[in-house]
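Q: Contents of final-v7.cif (mmCIF, C-alpha atoms):
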data_structure
loop_
_atom_site.group_PDB
_atom_site.id
_atom_site.type_symbol
_atom_site.label_atom_id
_atom_site.label_comp_id
_atom_site.auth_asym_id
_atom_site.auth_seq_id
_atom_site.Cartn_x
_atom_site.Cartn_y
_atom_site.Cartn_z
ATOM 1 C CA MET P 1 122.893 121.123 70.575
ATOM 2 C CA ASN P 2 120.399 123.959 70.674
ATOM 3 C CA VAL P 3 120.055 125.639 74.098
ATOM 4 C CA THR P 4 116.287 125.856 73.640
ATOM 5 C CA LEU P 5 116.040 122.075 73.282
ATOM 6 C CA ILE P 6 118.138 121.545 76.408
ATOM 7 C CA VAL P 7 115.965 123.937 78.439
ATOM 8 C CA LEU P 8 112.809 122.285 77.098
ATOM 9 C CA GLY P 9 114.173 118.834 77.968
ATOM 10 C CA VAL P 10 115.031 119.893 81.510
ATOM 11 C CA TYR P 11 111.574 121.448 81.880
ATOM 12 C CA VAL P 12 109.889 118.237 80.734
ATOM 13 C CA LEU P 13 112.033 116.212 83.162
ATOM 14 C CA LEU P 14 111.127 118.548 86.045
ATOM 15 C CA ASN P 15 107.441 118.080 85.284
ATOM 16 C CA LEU P 16 107.817 114.292 85.078
ATOM 17 C CA LEU P 17 109.693 114.304 88.369
ATOM 18 C CA SER P 18 106.996 116.424 89.990
ATOM 19 C CA PHE P 19 104.294 114.089 88.690
ATOM 20 C CA GLY P 20 106.145 111.095 90.077
ATOM 21 C CA MET P 21 106.661 112.732 93.455
ATOM 22 C CA PHE P 22 102.941 113.378 93.942
ATOM 23 C CA VAL P 23 101.903 109.899 92.803
ATOM 24 C CA TRP P 24 104.631 108.226 94.869
ATOM 25 C CA ASP P 25 103.680 110.232 97.974
ATOM 26 C CA LYS P 26 100.081 109.090 97.588
ATOM 27 C CA HIS P 27 101.302 105.499 97.315
ATOM 28 C CA LYS P 28 103.345 105.937 100.498
ATOM 29 C CA ALA P 29 100.344 107.502 102.264
ATOM 30 C CA LYS P 30 98.182 104.497 101.427
ATOM 31 C CA ASN P 31 100.838 102.104 102.742
ATOM 32 C CA ASP P 32 101.522 104.089 105.926
ATOM 33 C CA GLN P 33 105.156 104.733 104.967
ATOM 34 C CA TRP P 34 107.502 107.700 105.383
ATOM 35 C CA ARG P 35 106.126 110.627 103.380
ATOM 36 C CA THR P 36 107.643 113.351 101.251
ATOM 37 C CA PRO P 37 107.610 116.676 103.131
ATOM 38 C CA GLU P 38 104.933 119.084 101.910
ATOM 39 C CA SER P 39 107.567 121.772 101.373
ATOM 40 C CA THR P 40 109.370 119.456 98.932
ATOM 41 C CA LEU P 41 106.144 118.789 97.046
ATOM 42 C CA ILE P 42 105.419 122.542 96.855
ATOM 43 C CA LEU P 43 108.941 123.204 95.543
ATOM 44 C CA SER P 44 108.538 120.488 92.902
ATOM 45 C CA ALA P 45 105.218 122.073 91.923
ATOM 46 C CA LEU P 46 106.902 125.454 91.559
ATOM 47 C CA LEU P 47 109.425 123.979 89.131
ATOM 48 C CA GLY P 48 107.073 121.540 87.373
ATOM 49 C CA PRO P 49 103.454 122.639 87.805
ATOM 50 C CA PHE P 50 102.083 120.669 84.851
ATOM 51 C CA GLY P 51 103.352 117.411 86.341
ATOM 52 C CA ALA P 52 102.251 118.365 89.842
ATOM 53 C CA THR P 53 98.740 119.202 88.668
ATOM 54 C CA ALA P 54 98.484 115.943 86.723
ATOM 55 C CA GLY P 55 99.799 113.964 89.708
ATOM 56 C CA MET P 56 97.367 115.646 92.086
ATOM 57 C CA LYS P 57 94.428 114.934 89.793
ATOM 58 C CA LEU P 58 95.391 111.382 88.839
ATOM 59 C CA ALA P 59 96.257 110.247 92.369
ATOM 60 C CA ARG P 60 93.608 112.439 94.033
ATOM 61 C CA HIS P 61 96.317 113.646 96.360
ATOM 62 C CA LYS P 62 96.576 116.950 98.242
ATOM 63 C CA THR P 63 93.623 118.381 96.324
ATOM 64 C CA GLN P 64 91.793 119.608 99.429
ATOM 65 C CA LYS P 65 94.724 121.208 101.254
ATOM 66 C CA LEU P 66 94.677 124.985 101.011
ATOM 67 C CA LYS P 67 98.442 125.431 100.551
ATOM 68 C CA PHE P 68 98.334 123.130 97.510
ATOM 69 C CA LYS P 69 96.049 125.584 95.734
ATOM 70 C CA LEU P 70 99.400 127.292 95.057
ATOM 71 C CA VAL P 71 100.020 124.602 92.432
ATOM 72 C CA TYR P 72 97.312 126.138 90.248
ATOM 73 C CA ILE P 73 98.826 129.606 90.687
ATOM 74 C CA PHE P 74 102.225 128.209 89.669
ATOM 75 C CA LEU P 75 100.568 126.623 86.636
ATOM 76 C CA VAL P 76 99.033 129.924 85.523
ATOM 77 C CA ILE P 77 102.361 131.723 85.987
ATOM 78 C CA HIS P 78 104.142 129.107 83.879
ATOM 79 C CA VAL P 79 101.511 129.327 81.148
ATOM 80 C CA ILE P 80 101.902 133.118 81.064
ATOM 81 C CA ILE P 81 105.693 132.790 80.831
ATOM 82 C CA ILE P 82 105.467 130.157 78.085
ATOM 83 C CA VAL P 83 103.032 132.253 76.061
ATOM 84 C CA TYR P 84 105.225 135.328 76.531
ATOM 85 C CA LEU P 85 108.354 133.472 75.442
ATOM 86 C CA GLY P 86 106.517 131.878 72.526
ATOM 87 C CA TYR P 87 105.125 135.225 71.415
ATOM 88 C CA GLY P 88 108.566 136.794 71.673
ATOM 89 C CA ALA P 89 110.054 134.013 69.550
ATOM 90 C CA LEU P 90 107.602 134.806 66.764
ATOM 91 C CA PHE P 91 108.724 138.428 66.456
#
Kindly transcribe the structure held in the file into structure tokens.

A:
Amino acid sequence: MNVTLIVLGVYVLLNLLSFGMFVWDKHKAKNDQWRTPESTLILSALLGPFGATAGMKLARHKTQKLKFKLVYIFLVIHVIIIVYLGYGALF
């Protein structure tokens, strides 16, 4: 199997996991249950910022907290890396 496809698959799974973590934490917050630590959510956003951003927007969760503005910085960094890697693959 192609290494690129494996890396892409893992990246997609990390983003899906990050999305699920944010949505699930919002669900737990509404039901007054044990919550996911913010440091864990930030780490998941670092690894899967597309999923984290989607989860934050969809669930309206952690959007006002200053430290979660980092998610958008992670997203921009990932976009830059993806564009760089994509550009490098063309030449």

Q: Can you work out which one of P:Thr40, P:Ile77, P:Ser18, P:Lys67 has the shortest atom-to-atom distance to Thr53 of chain P, counting all atoms listed in the file?

A: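 Ranked by minimum distance to Thr53 of chain P, first place goes to P:Ser18.
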
Q: Pull out every residue that the PyMOL selection byres ((chain P and resi 24) around 12) matches in the shown coordinates and put them as an MDAnalysis selection string.

A: chainID P and resid 16:23 25:31 33:36 41 52 55:56 58:61

Q: What gap, in Å, lies between atom CA of Ile81 of chain P and atom CA of Asn2 of chain P?

A: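 Distance between the two atoms: 19.9 Å.
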
Q: What gap, in Å, lies between atom CA of Tyr72 of chain P and atom CA of Pro49 of chain P?

A: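 Separation between atom CA of Tyr72 of chain P and atom CA of Pro49 of chain P: 7.5 Å.
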
Q: If I take atom CA of Glu38 of chain P and atom CA of Leu70 of chain P, how far is one from the other in Å, to one decimal?

A: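 It comes out at 12.0 Å.
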
Q: Which of these, P:Pro37, P:Thr4, P:Gly9, P:Gly48, has the shortest distance to Leu75 of chain P once you count only C-alpha atoms?

A: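 Closest residue, counting only C-alpha atoms: P:Gly48.
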
Q: Return the single residue from P:Leu47, P:Val79, P:Tyr84, P:Phe68 that is closest to Val10 of chain P, with distances computed using all atoms listed in the file.

A: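 That would be P:Leu47, the residue with the smallest distance to Val10 of chain P.
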
Q: Hey, can I get the axis-aligned box for segment 78-90 of chain P? All listed atoms, 6 Å padding on each side, centre and edge lengths in Å to one decimal, as lines of an AutoDock Vina configuration file.

A:
center_x = 105.8
center_y = 133.0
center_z = 75.3
size_x = 20.5
size_y = 19.7
size_z = 29.1

Q: Which residue, P:Ala89, P:Ile82, P:Leu5, P:Val71, has the smallest gap to Gly51 of chain P when you use only C-alpha atoms?

A: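 Using only C-alpha atoms, the shortest distance to Gly51 of chain P belongs to P:Val71.
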